[in-house]
Amino acid sequence: MPTMNIIQAVNSALRIEMAREPNLVVLGEDVGKFGGVFRATSGLHDEFGPERVIDTPLAEGGIIGTAIGMALYGMRPVPEIQFADFIFPAFDQIVNELAKFRYRSGGEYPCPVVIRTPYGGGIRGGHYHSQSPEALFIHTPGLKVVIPSNPVDAKGLLLSCLRQNDPVLFMEPKRIYRASRGDVSEDDYTIPLGVANVTRPGDQVTVIAYGAMMPIVTEAADKAADEGISCEVIDLRTLLPYDIDTLTASIQKTGRAVIVHEAPRTCGFGAELVATLCERAMEYLEAPILRVTGFDTPFPYSLEHEYMPNADRVLTAVRKTLEW
Amino acid sequence: MPTMNIIQAVNSALRIEMAREPNLVVLGEDVGKFGGVFRATSGLHDEFGPERVIDTPLAEGGIIGTAIGMALYGMRPVPEIQFADFIFPAFDQIVNELAKFRYRSGGEYPCPVVIRTPYGGGIRGGHYHSQSPEALFIHTPGLKVVIPSNPVDAKGLLLSCLRQNDPVLFMEPKRIYRASRGDVSEDDYTIPLGVANVTRPGDQVTVIAYGAMMPIVTEAADKAADEGISCEVIDLRTLLPYDIDTLTASIQKTGRAVIVHEAPRTCGFGAELVATLCERAMEYLEAPILRVTGFDTPFPYSLEHEYMPNADRVLTAVRKTLEW
Amino acid sequence: MVAVKLQQDDLRRVLDDDGHVIKGAQIPTIPDADLVRLYDHMMLVRIMDDRMMRLQRQGRIAFYMKSVGEEATHFAVYALRADDWFFPSYREQGAWFWRGYSVEDYIHQLFGNDRDPIKGRQMPVHHSHSPSHCVSISSPVGTQIPQAVGAAQAMRIAGTDQCALTFFGEGTSSTGEFHVAMNFAGVMKAPVVLICRNNGWAISVPREKQTAAKTFASKAVGYGMPGVRVDGNDILAVIQASQEAVARARAGDGPTMLELLTYRVQGHSSSDDPTAYRDPNEPETWELRDPVRRFRTYLQDRDLWSEKLESDITDKHNDEITRVTADAAECGTPPVESMFDDVFEDLPWHLAEQRDYLLAQPRTKSPHAH
Amino acid sequence: MVAVKLQQDDLRRVLDDDGHVIKGAQIPTIPDADLVRLYDHMMLVRIMDDRMMRLQRQGRIAFYMKSVGEEATHFAVYALRADDWFFPSYREQGAWFWRGYSVEDYIHQLFGNDRDPIKGRQMPVHHSHSPSHCVSISSPVGTQIPQAVGAAQAMRIAGTDQCALTFFGEGTSSTGEFHVAMNFAGVMKAPVVLICRNNGWAISVPREKQTAAKTFASKAVGYGMPGVRVDGNDILAVIQASQEAVARARAGDGPTMLELLTYRVQGHSSSDDPTAYRDPNEPETWELRDPVRRFRTYLQDRDLWSEKLESDITDKHNDEITRVTADAAECGTPPVESMFDDVFEDLPWHLAEQRDYLLAQPRTKSPHAH
Ligand SMILES: Cc1ncc(C[n+]2csc(CCOP(=O)(O)OP(=O)(O)O)c2C)c(N)n1
Ligand SMILES: Cc1ncc(C[n+]2csc(CCOP(=O)(O)OP(=O)(O)O)c2C)c(N)n1
Ligand SMILES: [Mg+2]
Ligand SMILES: [Mg+2]
């Protein structure tokens, strides 16, 4: 099996599905001849032509709006938003249109649009090339939200998204776009949505994360192990609908949990996980569930390294739940 | 003191501040000659003229974008978004510009824009005239979020917003716009931001809500009292920054809490309150903090009455925390 | 009036203000049977609007929007084939009926009852009808415009000669959606007809406060597409211009923008009170150009109209509306568990739990139960 | 090249391709001292771009954007007064220097160090300078356009004769922001100058894929304002057209849109590689119209240029840049607690807690520390 990074894995998934599904079209800014500023659509323009790999004018609202129209007609558009930070001009089309179309039409008009967008910090991008807005979309009924943390999952999850009939926001962890490498089959395979991945079994503290935070929680779990602390590490993969059974089972076992995301703390996805897990597993909890998150400031530039959660902070939180 | 409803109280606050502060301008769709579709700006156009009470073209992004420019120059714009459901075309200007201006300019460019918008269900408005998107803005660093529940607070809180220097989203509970009436002084007075209101002291269960949910939790607390259950009812009034001390103190006393909002449950503001209160008061909690919220569906039309939280559901949750 | 007086020159018309054919005007070829059917549907809209607004005033439906004076614009869809797509705004009732949406579905939707084809999900007048490719109506104005462009582009990619047609009000031309849609359409040469239904008002905001452009049609210049200004109260001019635009689309010549000049004779909706912001005499001057009266005159000139036809049509529609309204009022509310359907194709765990929770609660009666 | 060849007719020019005055051209009145200062600043931009991109290649700054070939467009701000406001895009360095932003501030911002006037908050090239009313640069393109219109309208309400001037790229004319801003400006008759810096490319997307309109200036028609097409590599034409537009604004005649036709000679930014998407020979044809060379020729014709002037300017700027860069490299990172300042005017409890939490953690060193 060839080694791929996340970009190559995404590219492989798109290529496989475009060959299989003639109705799949890719559209966005610079996705055509250039193959995308991160090169995720590289080669697709030459292979499938300008009618199926479309360089659009500079307007995210137009990209999503036209993608919705294509989907209503029966196509399978896969728009790319160049950076998650630039998704907001399309916010109305996403939350008021895409998310509500099936519902508001009494089921007459499904709208299977899969929006791909790189998200997150750690690339010295400042406010506008670093945001993690997943919570805004998780709070919007009608959208699925998927975030892979490695090339194998990226390909398998994306292929699953392209073969189901609901709108999906597929957020790609650009910080580890190239750094995360793995052996990825060139063949067609899928990884089911809604199923988390227990990347490391353990019995003392459950550590929950996704996307670019996975390498960090893994490092923290290693350090914890050196101290004799056994962490169970869970990669959510699908944020909505998330895998409640795996989370609950783990917390019933460990009685302790730390949730990690780089998005701002207040009203971040971590809060929802804490609230729901407390409702279901309160009697098992030996300590409050702790959150290690980005801060409630706009994403800073020079102090990015202090803003981002890191293994030490996760480890500190892990220890704290044990000492509580 | 005259009796006013919330619309009249808002109108009174705007009139007082426009007379006091020549830089205050009101702008939006239909806010001028017509006085707004809910008549909140009624009379201001005739009193202060078309240059300070501006009927804009139909574009929320333009309303907020121009308001930002006015604020940068030194004015105090108070844009109205006709329904919170229609704020999304302005989402980029709000989250990427308004919320970040002071920060990104190193403090050079404060941006005191106070956005008024009616929110919430209960008026047979369906998807697009009923949404409660407060969590999206609470999750956005740089914005304050304020939601009054009665005419007295509406006037005092709005005057406070107009006299501080940060951007504020002032969300008005349109379901009780006219139904909520009270004696409101015609004079100038303010109610501080960040301070919750304990509308009913109690010692068994803390019930936390805001805006249009206040009449409902009050009704529930009455019914609970009939059953001999003592609820402490808290009206948050300011959602960000919210009054953590009042909340924590109450829960340390009661050991039980129910949080009520009409916005969808997943990643709603209730989740943040649960997570934060568990972190700080876990040892005092006798039961999991429960949430009574809207469901994770687009806001329905015919089944609105089943969608909205009501006193019975709040009461059921109150009982449940006591039985736990 | 202003715009009409100023701009008569570049305004396409077939019928004069009275409804007689203007000398030398290019008359679209429409079979007599269709002419009568068009008149029948125009009358249906006017009668329906009158009846439904009365229902609303009686509190039997929550909300309604009339299109009195704008009915002729609806029949731009006469230029479409059944397999073309229609992306409406909320004020084109006639287009729905013409494409096959039934009076039953229309009225049950207004009641949001258990026979509402969209399951009581949306406010009155937010219809959806996929069999006729009439796309679900949304309240946020303008969102349908880029969607129409996308569907049209998809038709081209699929290699068909279908096209899409979309409506929006002149106020909506101020939205970003209008701009990105027009621009994408121009660049993609999408087979789409973009219709600005210029009725002079956006709730309380007059046309003059929406744009400083001389006409809305002139905005097409900025997108490299033709923009045509048409008398929107002249059904023949509307159909003629639409057929031309549809022909361009099918021929691969790209998009066309039409400005249909008309007038919102009454309030914006059942929630509105125009006396609060406009001269109460303004409508009268416009009623002179009533599209129904003008079309009737044309039919008379063609010997296609009679008192009997008029009363037959009126009675037929009134009777049907009476019957369906009675049925609709008998219907119940959609089942409570249906609230959780269609959020996704399948019901995820959290919605299943929320449904079970709700079903376990005492049922709350609608304060407005039918 | 295409557009230039096609559209020479409606393109305003003062200098020919070599830099000699075109017969009958309307030359703006600019004092000799200013002409030399303008040349000095044009050189500063070109030297700065070259030096900073080299720093970026050495990994000493994270990111940079050059404007080689577009320098003349920056000096549209020559038409402004100190009390007017400037709402920039990210590629108008010269305008900043002209309005008084210092080389120190400029370079410290690129380093994001503890002398960066905006406290290391933003990526390189996202400057802010309130003393000269240069508004903070944002990455999301187009957001500055409605803001400029709002500021301009505020100036009018305040009864001053100030105006606002904003820049955006031709790609940005596709955004909804452009449309709503142009439309508001037209309706409000705001004293604003809206400048489309048409350099032919939006990263990898050529002008032809942004719009089907013949020219960007033609978009002004849809907003009822004048749109003027100017040779953007001809600094005199740029200043002449800008002065005219500013005069209109001050006189209360409303907004003007300018399309400054220029060319992005190099990559979009330090992250870009144009060879991946455009003909490597394309730039050469444009370098022939190099705005610096053309202006130099004009100064020579006016006896205002000498070899000595050239070398003095070059040495002065190079020396200053060398000195400031050395200082900047010595500076530290902004203090960690400063991360929490300026989110709000005062620090709310939750940010105070987050700051205390962070301060209690072991300091993490920047992987890219200066
Ligand atoms: C994005 C958005 N903003 C505001 C509204 C509220 N609103 C509903 S209709 C309307 C006026 C629309 O006028 P126009 O486009 O001319 O259409 P008309 O009603 O005249 O047919 C407004 C402001 C809305 N529905 N959507
Ligand atoms: C809203 C938004 N979408 C996408 C981007 C990414 N992006 C940065 S610059 C750019 C191209 C801009 O081209 P143009 O407006 O012509 O300006 P130029 O770079 O040529 O000066 C794009 C797509 C962005 N910054 N903002
Ligand atoms: Mg209108
Ligand atoms: Mg460009």
# chains A, B, ... in the order shown; residues from 1 in each chain; ligands from 1
call {"tool": "select_by_dssp", "arguments": {"residues": "stretch 47-255 of chain A", "states": "helix (DSSP H, G or I)", "output": "PyMOL selection string"}}
result
chain A and resi 47-48+60-73+84-86+88-98+101-104+126-129+134-138+151-162+174-176+211-226+244-254
call {"tool": "select_by_dssp", "arguments": {"residues": "stretch 255-313 of chain D", "states": "strand (DSSP E)", "output": "PyMOL selection string"}}
result
chain D and resi 256-261
call {"tool": "residues_around", "arguments": {"residues": "stretch 21-36 of chain C", "least_positions_apart": "4", "cutoff": "7 Å", "atoms": "only C-alpha atoms", "output": "list in words"}}
result
Val14, Leu15, Asp16, Asp40, Leu236, Ile239 and Gln240 of chain C
call {"tool": "write_last_selection", "arguments": {"atoms": "N, CA, C and O atoms", "output": "short mmCIF file (atom, residue, chain, number, x, y, z; two decimals), in the first residue's frame"}}
result
data_model
loop_
_atom_site.label_atom_id
_atom_site.label_comp_id
_atom_site.auth_asym_id
_atom_site.auth_seq_id
_atom_site.Cartn_x
_atom_site.Cartn_y
_atom_site.Cartn_z
N VAL C 14 -47.04 44.81 -25.60
CA VAL C 14 -47.86 44.33 -26.71
C VAL C 14 -49.23 44.98 -26.64
O VAL C 14 -49.80 45.39 -27.63
N LEU C 15 -49.73 45.10 -25.41
CA LEU C 15 -51.05 45.69 -25.19
C LEU C 15 -50.92 47.11 -24.66
O LEU C 15 -50.02 47.39 -23.86
N ASP C 16 -51.81 47.98 -25.07
CA ASP C 16 -51.80 49.33 -24.50
C ASP C 16 -52.50 49.30 -23.14
O ASP C 16 -52.96 48.24 -22.69
N ASP C 40 -58.16 31.95 -17.36
CA ASP C 40 -58.75 31.15 -16.29
C ASP C 40 -57.82 31.12 -15.07
O ASP C 40 -58.22 31.34 -13.93
N LEU C 236 -49.09 39.35 -22.52
CA LEU C 236 -48.53 38.96 -23.82
C LEU C 236 -47.07 39.40 -23.94
O LEU C 236 -46.22 38.65 -24.43
N ILE C 239 -45.01 37.02 -21.81
CA ILE C 239 -44.79 35.72 -22.44
C ILE C 239 -43.83 35.85 -23.62
O ILE C 239 -42.91 35.05 -23.79
N GLN C 240 -43.98 36.90 -24.38
CA GLN C 240 -43.10 37.10 -25.55
C GLN C 240 -41.64 37.21 -25.11
O GLN C 240 -40.77 36.51 -25.63
#
call {"tool": "residues_around", "arguments": {"residues": "C:Val221", "least_positions_apart": "4", "cutoff": "9 Å", "atoms": "only C-alpha atoms", "output": "ChimeraX atom specification"}}
result
/C:217,225-227 /D:213-214,218-219,221-222
call {"tool": "residues_around", "arguments": {"residues": "D:Met188", "least_positions_apart": "2", "cutoff": "12 Å", "atoms": "only C-alpha atoms", "output": "PyMOL selection string"}}
result
(chain B and resi 50-51+54-57+62+66) or (chain C and resi 208-212) or (chain D and resi 146+149-157+180-186+190-192+223-225+249+252-255)
call {"tool": "residues_near_ligand", "arguments": {"ligand": "ligand 3", "cutoff": "6 Å", "atoms": "only C-alpha atoms and all ligand atoms", "output": "list in words"}}
result
Gly169, Glu170, Gly171, Asn198, Asn199, Gly200, Trp201 and Ala202 of chain C
call {"tool": "residues_around", "arguments": {"residues": "D:Ala328", "least_positions_apart": "6", "cutoff": "10 Å", "atoms": "only C-alpha atoms", "output": "PyMOL selection string"}}
result
chain D and resi 104-105+107-116+322+370
call {"tool": "write_last_selection", "arguments": {"atoms": "N, CA, C and O atoms", "output": "PDB file, in the first residue's frame"}}
result
ATOM      1  N   GLU D 104       9.512  51.406  10.023  1.00  0.00           N
ATOM      2  CA  GLU D 104       9.634  50.659  11.296  1.00  0.00           C
ATOM      3  C   GLU D 104       8.367  49.859  11.551  1.00  0.00           C
ATOM      4  O   GLU D 104       8.399  48.640  11.711  1.00  0.00           O
ATOM      5  N   ASP D 105       7.240  50.570  11.616  1.00  0.00           N
ATOM      6  CA  ASP D 105       5.977  49.885  11.906  1.00  0.00           C
ATOM      7  C   ASP D 105       5.726  48.769  10.889  1.00  0.00           C
ATOM      8  O   ASP D 105       5.310  47.666  11.242  1.00  0.00           O
ATOM      9  N   ILE D 107       7.803  46.946   9.097  1.00  0.00           N
ATOM     10  CA  ILE D 107       8.642  45.743   9.250  1.00  0.00           C
ATOM     11  C   ILE D 107       8.377  45.033  10.577  1.00  0.00           C
ATOM     12  O   ILE D 107       8.300  43.807  10.635  1.00  0.00           O
ATOM     13  N   HIS D 108       8.150  45.797  11.637  1.00  0.00           N
ATOM     14  CA  HIS D 108       7.840  45.138  12.915  1.00  0.00           C
ATOM     15  C   HIS D 108       6.527  44.360  12.807  1.00  0.00           C
ATOM     16  O   HIS D 108       6.389  43.278  13.377  1.00  0.00           O
ATOM     17  N   GLN D 109       5.591  44.887  12.024  1.00  0.00           N
ATOM     18  CA  GLN D 109       4.333  44.132  11.842  1.00  0.00           C
ATOM     19  C   GLN D 109       4.619  42.805  11.145  1.00  0.00           C
ATOM     20  O   GLN D 109       4.080  41.765  11.524  1.00  0.00           O
ATOM     21  N   LEU D 110       5.486  42.847  10.142  1.00  0.00           N
ATOM     22  CA  LEU D 110       5.794  41.609   9.409  1.00  0.00           C
ATOM     23  C   LEU D 110       6.406  40.565  10.337  1.00  0.00           C
ATOM     24  O   LEU D 110       6.172  39.367  10.180  1.00  0.00           O
ATOM     25  N   PHE D 111       7.165  41.040  11.308  1.00  0.00           N
ATOM     26  CA  PHE D 111       7.785  40.116  12.273  1.00  0.00           C
ATOM     27  C   PHE D 111       6.807  39.730  13.383  1.00  0.00           C
ATOM     28  O   PHE D 111       7.018  38.757  14.088  1.00  0.00           O
ATOM     29  N   GLY D 112       5.757  40.502  13.534  1.00  0.00           N
ATOM     30  CA  GLY D 112       4.801  40.229  14.622  1.00  0.00           C
ATOM     31  C   GLY D 112       5.503  40.222  15.974  1.00  0.00           C
ATOM     32  O   GLY D 112       5.174  39.429  16.862  1.00  0.00           O
ATOM     33  N   ASN D 113       6.458  41.125  16.126  1.00  0.00           N
ATOM     34  CA  ASN D 113       7.255  41.108  17.361  1.00  0.00           C
ATOM     35  C   ASN D 113       6.660  42.054  18.408  1.00  0.00           C
ATOM     36  O   ASN D 113       5.567  42.602  18.214  1.00  0.00           O
ATOM     37  N   ASP D 114       7.406  42.258  19.502  1.00  0.00           N
ATOM     38  CA  ASP D 114       6.828  43.068  20.582  1.00  0.00           C
ATOM     39  C   ASP D 114       6.872  44.564  20.281  1.00  0.00           C
ATOM     40  O   ASP D 114       6.468  45.378  21.103  1.00  0.00           O
ATOM     41  N   ARG D 115       7.323  44.914  19.080  1.00  0.00           N
ATOM     42  CA  ARG D 115       7.193  46.313  18.643  1.00  0.00           C
ATOM     43  C   ARG D 115       6.184  46.457  17.505  1.00  0.00           C
ATOM     44  O   ARG D 115       5.968  47.551  16.977  1.00  0.00           O
ATOM     45  N   ASP D 116       5.561  45.347  17.133  1.00  0.00           N
ATOM     46  CA  ASP D 116       4.486  45.387  16.138  1.00  0.00           C
ATOM     47  C   ASP D 116       3.353  46.261  16.686  1.00  0.00           C
ATOM     48  O   ASP D 116       2.838  45.996  17.764  1.00  0.00           O
ATOM     49  N   THR D 322      17.647  47.709   6.054  1.00  0.00           N
ATOM     50  CA  THR D 322      18.662  46.863   6.700  1.00  0.00           C
ATOM     51  C   THR D 322      18.683  47.122   8.194  1.00  0.00           C
ATOM     52  O   THR D 322      18.626  46.186   9.010  1.00  0.00           O
ATOM     53  N   HIS D 370      11.779  34.518  17.038  1.00  0.00           N
ATOM     54  CA  HIS D 370      12.701  35.438  16.354  1.00  0.00           C
ATOM     55  C   HIS D 370      14.101  35.312  16.954  1.00  0.00           C
ATOM     56  O   HIS D 370      14.244  35.418  18.158  1.00  0.00           O
TER      57      HIS D 370
END
call {"tool": "residues_around", "arguments": {"residues": "D:Glu284", "least_positions_apart": "2", "cutoff": "12 Å", "atoms": "only C-alpha atoms", "output": "PyMOL selection string"}}
result
chain D and resi 1+69+263-266+279-282+286-290
call {"tool": "interface_residues", "arguments": {"of": "chain D", "to": "chain A", "cutoff": "7 Å", "atoms": "only C-alpha atoms", "output": "ChimeraX atom specification"}}
result
/D:112,120-123,139-140,171-172,174-175,204-205,209-210,276-277,333,336,339-340,343,351,354,364,366
call {"tool": "interface_residues", "arguments": {"of": "chain B", "to": "chain A", "cutoff": "7 Å", "atoms": "only C-alpha atoms", "output": "list in words"}}
result
Phe88, Pro89, Phe91, Asp92, Lys100, Ala135, Leu136, Ile138, His139, Pro141, Pro264, Thr266, Cys267, Gly268, Phe269, Ala271, Glu272, Val274, Ala275, Cys278, Glu279, Met282, Pro288, Leu290, Asp296, Thr297 and Pro298 of chain B
call {"tool": "atom_distance", "arguments": {"atom1": "atom CA of C:Gln144", "atom2": "atom CA of C:Thr166"}}
result
7.3 Å
call {"tool": "atom_distance", "arguments": {"atom1": "atom CA of B:Glu134", "atom2": "atom CA of B:Cys231"}}
result
25.3 Å
call {"tool": "closest_residue", "arguments": {"among": "C:Gly100, C:Pro124, C:Gly142, C:Gly94", "to": "ligand 1", "atoms": "only C-alpha atoms and all ligand atoms"}}
result
C:Gly142
call {"tool": "atom_distance", "arguments": {"atom1": "atom CA of C:Phe75", "atom2": "atom CA of C:Lys119"}}
result
27.7 Å
call {"tool": "closest_residue", "arguments": {"among": "D:Arg278, D:Arg46, D:His41, D:Arg207", "to": "ligand 2", "atoms": "only C-alpha atoms and all ligand atoms"}}
result
D:Arg207
call {"tool": "closest_residue", "arguments": {"among": "C:Val77, C:Ala220, C:Ile47, C:Leu261", "to": "chain D", "atoms": "only C-alpha atoms"}}
result
C:Ala220
call {"tool": "closest_residue", "arguments": {"among": "D:Pro274, D:Gly176, D:Gly159, D:Gly332", "to": "chain C", "atoms": "only C-alpha atoms"}}
result
D:Gly176
